[in-house]
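Quick look at final_29.cif (mmCIF, C-alpha atoms):
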data_structure
#
loop_
_atom_site.label_atom_id
_atom_site.label_comp_id
_atom_site.auth_asym_id
_atom_site.auth_seq_id
_atom_site.Cartn_x
_atom_site.Cartn_y
_atom_site.Cartn_z
CA GLY K 30 37.80 -5.76 24.01
CA GLY K 31 37.06 -3.20 26.78
CA GLY K 32 35.93 0.35 26.02
CA GLY K 33 38.35 3.20 26.19
CA GLY K 34 35.89 5.83 27.39
CA GLY K 35 32.29 6.93 27.56
CA GLY K 36 30.34 7.92 24.44
CA GLY K 37 32.17 8.17 21.15
CA GLY K 38 35.22 10.01 22.52
CA GLY K 39 38.56 8.68 23.65
CA VAL K 40 40.77 8.95 26.71
CA SER K 41 44.31 10.05 27.39
CA PRO K 42 46.83 8.33 29.72
CA GLY K 43 46.15 10.88 32.48
CA ASP K 44 42.37 10.62 32.24
CA ALA K 45 40.68 9.21 35.35
CA ALA K 46 38.43 7.12 33.13
CA CYS K 47 41.44 5.40 31.53
CA PRO K 48 41.39 1.62 32.21
CA THR K 49 45.10 1.64 33.03
CA ASP K 50 44.90 -1.07 35.71
CA ARG K 51 42.98 -3.37 33.39
CA LEU K 52 45.47 -2.65 30.61
CA GLU K 53 48.41 -3.37 32.91
CA GLY K 54 46.87 -6.68 33.93
CA LEU K 55 46.43 -7.70 30.30
CA VAL K 56 49.95 -6.71 29.33
CA PHE K 57 51.34 -8.45 32.42
CA ALA K 58 49.70 -11.68 31.24
CA ALA K 59 50.83 -11.17 27.65
CA ARG K 60 54.43 -10.71 28.80
CA GLY K 61 54.36 -14.08 30.52
CA GLY K 62 54.05 -12.71 34.04
CA LYS K 63 57.67 -11.53 34.18
CA THR K 64 56.81 -8.34 36.04
CA LYS K 65 54.00 -7.63 38.45
CA ARG K 66 53.64 -3.98 37.64
CA MET K 67 54.37 -1.78 34.64
CA THR K 68 56.35 1.39 35.14
CA THR K 69 54.98 4.77 34.11
CA GLU K 70 57.40 4.86 31.19
CA GLU K 71 56.17 1.46 29.95
CA VAL K 72 52.55 2.54 30.16
CA ASN K 73 53.26 5.75 28.25
CA ALA K 74 55.24 3.86 25.60
CA LEU K 75 52.46 1.35 25.16
CA TRP K 76 49.94 4.16 24.93
CA LYS K 77 51.89 5.91 22.21
CA GLN K 78 52.13 2.64 20.29
CA ALA K 79 48.37 2.15 20.54
CA ASP K 80 47.66 5.78 19.56
CA ILE K 81 47.69 5.13 15.82
CA ASP K 82 46.61 8.61 14.71
CA LYS K 83 49.02 10.28 17.17
CA SER K 84 46.23 12.46 18.52
CA GLY K 85 47.26 11.97 22.15
CA VAL K 86 43.84 10.42 22.83
CA LEU K 87 43.12 6.70 22.62
CA SER K 88 39.83 6.03 20.87
CA ARG K 89 37.64 2.99 21.43
CA SER K 90 38.69 1.45 18.10
CA GLU K 91 42.39 1.96 18.88
CA PHE K 92 41.94 0.40 22.29
CA ASN K 93 40.16 -2.60 20.73
CA ILE K 94 43.03 -3.04 18.27
CA LEU K 95 45.50 -3.02 21.19
CA LEU K 96 43.51 -5.65 23.08
CA GLY K 97 43.32 -7.79 19.96
CA ARG K 98 47.10 -7.75 19.63
CA VAL K 99 47.55 -8.69 23.27
CA PHE K 100 45.12 -11.60 23.04
CA ASP K 101 46.78 -12.82 19.84
CA ARG K 102 50.12 -12.92 21.60
CA ALA K 103 48.57 -14.76 24.53
CA GLN K 104 47.06 -17.42 22.25
CA ARG K 105 50.46 -18.01 20.65
CA ARG K 106 52.06 -18.40 24.09
CA GLY K 107 49.59 -21.06 25.21
CA PRO K 108 46.20 -21.65 26.85
CA GLY K 109 47.53 -21.13 30.37
CA LEU K 110 48.59 -17.60 29.59
CA GLU K 111 45.31 -16.90 27.84
CA ALA K 112 43.47 -17.99 30.99
CA ALA K 113 45.68 -15.65 33.02
CA MET K 114 44.72 -12.83 30.67
CA MET K 115 41.05 -13.61 31.11
CA ARG K 116 41.46 -13.41 34.88
CA ALA K 117 43.36 -10.14 34.53
CA ALA K 118 40.50 -8.81 32.44
CA GLY K 119 38.02 -9.78 35.14
CA LYS K 120 36.57 -12.68 33.18
CA GLY K 121 36.82 -16.46 33.23
CA ASP K 122 36.41 -18.86 36.12
CA VAL K 123 35.89 -17.22 39.53
CA VAL K 124 35.39 -20.44 41.51
CA ILE K 125 37.36 -20.30 44.78
CA ASP K 126 38.87 -23.49 46.16
CA ASN K 127 38.02 -24.51 49.74
CA LYS K 128 41.72 -24.39 50.63
CA VAL K 129 41.80 -20.74 49.60
CA LEU K 130 38.71 -19.99 51.69
CA PHE K 131 40.30 -21.73 54.69
CA ALA K 132 43.50 -19.71 54.18
CA ILE K 133 41.41 -16.51 54.22
CA PHE K 134 39.71 -17.68 57.42
CA THR K 135 42.97 -18.49 59.24
CA ALA K 136 44.63 -15.28 58.04
CA GLN K 137 41.89 -13.36 59.86
CA CYS K 138 41.38 -15.70 62.81
CA ILE K 139 44.98 -15.98 64.08
CA PRO K 140 45.69 -12.23 64.45
CA PHE K 141 42.34 -11.66 66.16
CA ILE K 142 43.15 -14.39 68.68
CA GLY K 143 46.22 -12.34 69.57
CA PHE K 144 44.20 -9.10 69.73
CA GLY K 145 41.55 -10.60 72.01
CA PHE K 146 44.08 -12.29 74.29
CA MET K 147 46.15 -9.15 74.78
CA ASP K 148 43.12 -6.88 75.23
CA ASN K 149 41.34 -8.99 77.85
CA ALA K 150 44.48 -9.98 79.77
CA LEU K 151 45.67 -6.38 80.08
CA MET K 152 42.21 -5.07 80.93
CA ILE K 153 41.66 -7.58 83.75
CA THR K 154 45.17 -7.22 85.19
CA ALA K 155 45.19 -3.42 85.03
CA GLY K 156 41.62 -3.15 86.33
CA GLU K 157 42.37 -5.36 89.34
CA TYR K 158 45.54 -3.44 90.16
CA ILE K 159 43.77 -0.09 89.87
CA GLU K 160 40.92 -1.23 92.11
CA LEU K 161 43.23 -2.59 94.82
CA LYS K 162 45.97 0.05 94.78
CA VAL K 163 44.35 3.23 93.47
CA GLY K 164 40.64 2.64 94.06
CA ALA K 165 40.87 2.85 97.85
CA THR K 166 42.78 6.14 97.69
CA PHE K 167 40.48 7.88 95.22
CA ALA K 168 37.26 6.03 96.15
CA LEU K 169 36.89 4.45 92.70
CA SER K 170 34.13 1.96 92.07
CA THR K 171 34.76 -1.46 90.53
CA MET K 172 33.30 -0.32 87.19
CA ALA K 173 35.50 2.79 87.17
CA ALA K 174 38.57 0.64 87.75
CA ALA K 175 37.46 -1.70 84.96
CA GLY K 176 36.98 1.26 82.61
CA LEU K 177 40.49 2.58 83.32
CA GLY K 178 41.88 -0.92 82.76
CA ASN K 179 40.09 -1.07 79.42
CA LEU K 180 41.60 2.31 78.53
CA LEU K 181 45.11 1.00 79.13
CA SER K 182 44.48 -2.19 77.14
CA ASP K 183 43.10 -0.19 74.20
CA ILE K 184 46.18 2.04 74.20
CA ALA K 185 48.38 -1.05 74.14
CA GLY K 186 46.26 -2.48 71.32
CA VAL K 187 46.91 0.59 69.18
CA GLY K 188 50.65 0.09 69.56
CA PHE K 189 50.85 -3.68 69.17
CA SER K 190 48.11 -4.47 66.62
CA SER K 191 50.39 -4.09 63.59
CA LYS K 192 53.10 -6.16 65.27
CA ILE K 193 50.64 -8.99 65.89
CA GLU K 194 49.63 -8.95 62.22
CA LEU K 195 53.28 -9.04 61.11
CA MET K 196 54.00 -11.92 63.46
CA ALA K 197 51.05 -13.90 62.07
CA GLU K 198 52.31 -13.30 58.52
CA ARG K 199 55.79 -14.51 59.49
CA TRP K 200 54.20 -17.70 60.79
CA GLY K 201 52.66 -18.21 57.36
CA PHE K 202 49.12 -16.94 57.93
CA LYS K 203 48.82 -14.64 54.92
CA ASN K 204 45.78 -13.60 52.92
CA PRO K 205 45.88 -15.34 49.53
CA GLU K 206 45.86 -13.14 46.44
CA LEU K 207 42.46 -13.00 44.73
CA THR K 208 41.30 -11.53 41.47
CA ALA K 209 38.82 -8.68 41.56
CA ALA K 210 36.03 -11.08 40.53
CA GLN K 211 36.95 -13.56 43.29
CA ALA K 212 37.22 -10.86 45.94
CA ALA K 213 33.73 -9.64 45.02
CA LYS K 214 32.16 -13.01 45.83
CA SER K 215 30.42 -13.61 49.16
CA GLY K 216 32.66 -16.54 50.16
CA PRO K 217 35.81 -14.55 50.98
CA ARG K 218 33.82 -11.85 52.80
CA LEU K 219 32.07 -14.48 54.90
CA MET K 220 35.36 -16.19 55.76
CA ARG K 221 36.89 -12.88 56.85
CA MET K 222 33.94 -12.09 59.10
CA LEU K 223 33.85 -15.59 60.63
CA GLY K 224 37.60 -15.55 61.15
CA ALA K 225 37.45 -12.22 62.96
CA VAL K 226 34.47 -13.19 65.15
CA ILE K 227 35.77 -16.63 66.10
CA GLY K 228 39.33 -15.37 66.56
CA ILE K 229 38.40 -12.48 68.87
CA SER K 230 36.10 -14.79 70.88
CA ILE K 231 38.83 -17.39 71.43
CA GLY K 232 41.37 -14.69 72.26
CA CYS K 233 39.12 -12.98 74.82
CA LEU K 234 38.35 -16.29 76.56
CA LEU K 235 42.05 -17.18 76.74
CA GLY K 236 42.82 -13.66 77.93
CA MET K 237 40.74 -14.23 81.07
CA PHE K 238 43.51 -16.42 82.56
CA PRO K 239 44.61 -13.70 85.09
CA LEU K 240 41.38 -14.41 87.00
CA LEU K 241 42.92 -17.74 88.04
CA PHE K 242 45.46 -15.84 90.16
CA PHE K 243 43.04 -13.44 91.88
CA GLU K 244 41.34 -14.36 95.15
CA ASP K 245 37.57 -14.32 95.17
CA ASP K 246 36.21 -10.92 96.26
CA ASP K 247 33.53 -12.40 98.50
CA GLU K 248 36.09 -14.54 100.28
CA GLU K 249 38.35 -11.55 100.81
CA LYS K 250 35.46 -9.45 102.16
CA GLU K 251 34.51 -12.26 104.54
CA LYS K 252 38.07 -12.40 105.86
CA ASP K 253 38.09 -8.64 106.44
CA TYR K 254 34.72 -8.84 108.22
CA ILE K 255 35.97 -11.59 110.54
CA LYS K 256 39.08 -9.57 111.38
CA LYS K 257 36.97 -6.54 112.24
CA ILE K 258 34.66 -8.60 114.44
CA LYS K 259 37.58 -10.13 116.32
CA ALA K 260 39.18 -6.70 116.79
CA LEU K 261 35.90 -5.31 118.15
CA GLU K 262 35.50 -8.26 120.55
CA ALA K 263 39.06 -7.76 121.80
CA ARG K 264 38.36 -4.08 122.49
CA LEU K 265 35.16 -4.89 124.39
CA GLU K 266 36.95 -7.48 126.53
CA GLU K 267 39.67 -4.98 127.32
CA ARG K 268 37.14 -2.33 128.36
CA GLU K 269 35.31 -4.85 130.54
CA LYS K 270 38.54 -5.70 132.35
CA ILE K 271 39.32 -2.03 132.91
CA ALA K 272 35.80 -1.38 134.22
CA ALA K 273 36.01 -4.38 136.58
CA VAL K 274 39.26 -3.08 138.07
CA ASP K 275 37.92 0.44 138.49
CA GLY K 276 34.56 -0.79 139.77
CA GLY K 277 32.79 1.08 136.99
CA SER K 278 30.55 -0.11 134.20
CA VAL K 279 31.01 -0.50 130.46
CA ASP K 280 29.15 2.03 128.27
#

In structure tokens, how does this file's structure come out?
Amino acid sequence: GGGGGGGGGGVSPGDAACPTDRLEGLVFAARGGKTKRMTTEEVNALWKQADIDKSGVLSRSEFNILLGRVFDRAQRRGPGLEAAMMRAAGKGDVVIDNKVLFAIFTAQCIPFIGFGFMDNALMITAGEYIELKVGATFALSTMAAAGLGNLLSDIAGVGFSSKIELMAERWGFKNPELTAAQAAKSGPRLMRMLGAVIGISIGCLLGMFPLLFFEDDDEEKEKDYIKKIKALEARLEEREKIAAVDGGSVD
């Protein structure tokens, strides 16, 4: 069984070194998985039962006796429950199925697609509007307008990020529950990182769709240049006509 504390001493229920979570997991398995979490009263009652000498401190030998009783009960209930106890104790098989790894990947990827889409779409739309409507008034550069657009998209991201996660969970993209030993393996961590990177990349690319509705800047500048040239030519022609009538010359 697991140790109850360092050295030869024992631990009390309020001690930080008390393996209460481990104990709860074992008892949860021994009780057939009827409850996910023990109440404080149940933990204290179990502790008093295990404290044979009524000293208020659970020694290593008392803790081992308690674990022995729990494992005995699990063996009488069947091998499936015993395996559940081993997982609760952090032992046993920690192999993770590929379906579980894929579920971890999609649970990360889908929300990040939403984050990337919203962030890029808002940044591009707001940046373009700021450059066209506000930039001329305050002499803002293109990069300054883009920075202000990014500011607005980040503010929106703070407000909507949790809602995007909740929506993904409602659609069924939830992180599967893992044991502590499974969560410590490199597979789940790698799937989370890949899901986030691939998801944000797809979302940002999809979020560039507002560019389809904006006219090309070079084309717009060329149109403005042509208009200015035509206006200048019209003014010169008008001055030439006036000079011809007056018999003067054009400066």

Work out how far CA of Thr135 in chain K is from CA of Ile231 in chain K, in Å to one decimal.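 So the two atoms, CA of Ile231 in chain K and CA of Thr135 in chain K, lie 12.9 Å apart.
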
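Atom pair CA of Phe242 in chain K / CA of Glu160 in chain K has a distance of 15.4 Å (rounded to one decimal).
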
Please expand the PyMOL selection byres ((chain K and resi 130) around 9) into the concrete residues it hits in this file, giving the result as a VMD selection string. chain K and resid 125 to 129 131 to 135 205 216 to 217 220 to 221

Selection in question (the file shown): the PyMOL selection byres ((chain K and resi 154) around 12). Which residues does it include, as a ChimeraX atom specification? /K:147-153,155-161,174-175,177-179,181-182,236-243

Selected by the PyMOL selection byres ((chain K and resi 75-82) around 9) in the shown coordinates: which residues, as a PyMOL selection string? chain K and resi 41-42+70-74+83-88+91-92+94-95

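If you count all atoms listed in the file and ignore residues fewer than 2 places along the chain from Ile229 in chain K, what sits within 7 Å of it is Phe141, Ile142, Phe144, Gly145, Ala225, Val226, Ile227, Ile231, Gly232 and Cys233 of chain K.
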
Please dump the current selection as a PDB file, in the frame of the given file; keep C-alpha atoms.
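Written out: part13.pdb:
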ATOM      1  CA  PHE K 141      42.340 -11.660  66.160  1.00  0.00           C
ATOM      2  CA  ILE K 142      43.150 -14.390  68.680  1.00  0.00           C
ATOM      3  CA  PHE K 144      44.200  -9.100  69.730  1.00  0.00           C
ATOM      4  CA  GLY K 145      41.550 -10.600  72.010  1.00  0.00           C
ATOM      5  CA  ALA K 225      37.450 -12.220  62.960  1.00  0.00           C
ATOM      6  CA  VAL K 226      34.470 -13.190  65.150  1.00  0.00           C
ATOM      7  CA  ILE K 227      35.770 -16.630  66.100  1.00  0.00           C
ATOM      8  CA  ILE K 231      38.830 -17.390  71.430  1.00  0.00           C
ATOM      9  CA  GLY K 232      41.370 -14.690  72.260  1.00  0.00           C
ATOM     10  CA  CYS K 233      39.120 -12.980  74.820  1.00  0.00           C
TER      11      CYS K 233
END

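Separating CA of Gly143 in chain K from CA of Gly228 in chain K is a distance of 8.1 Å.
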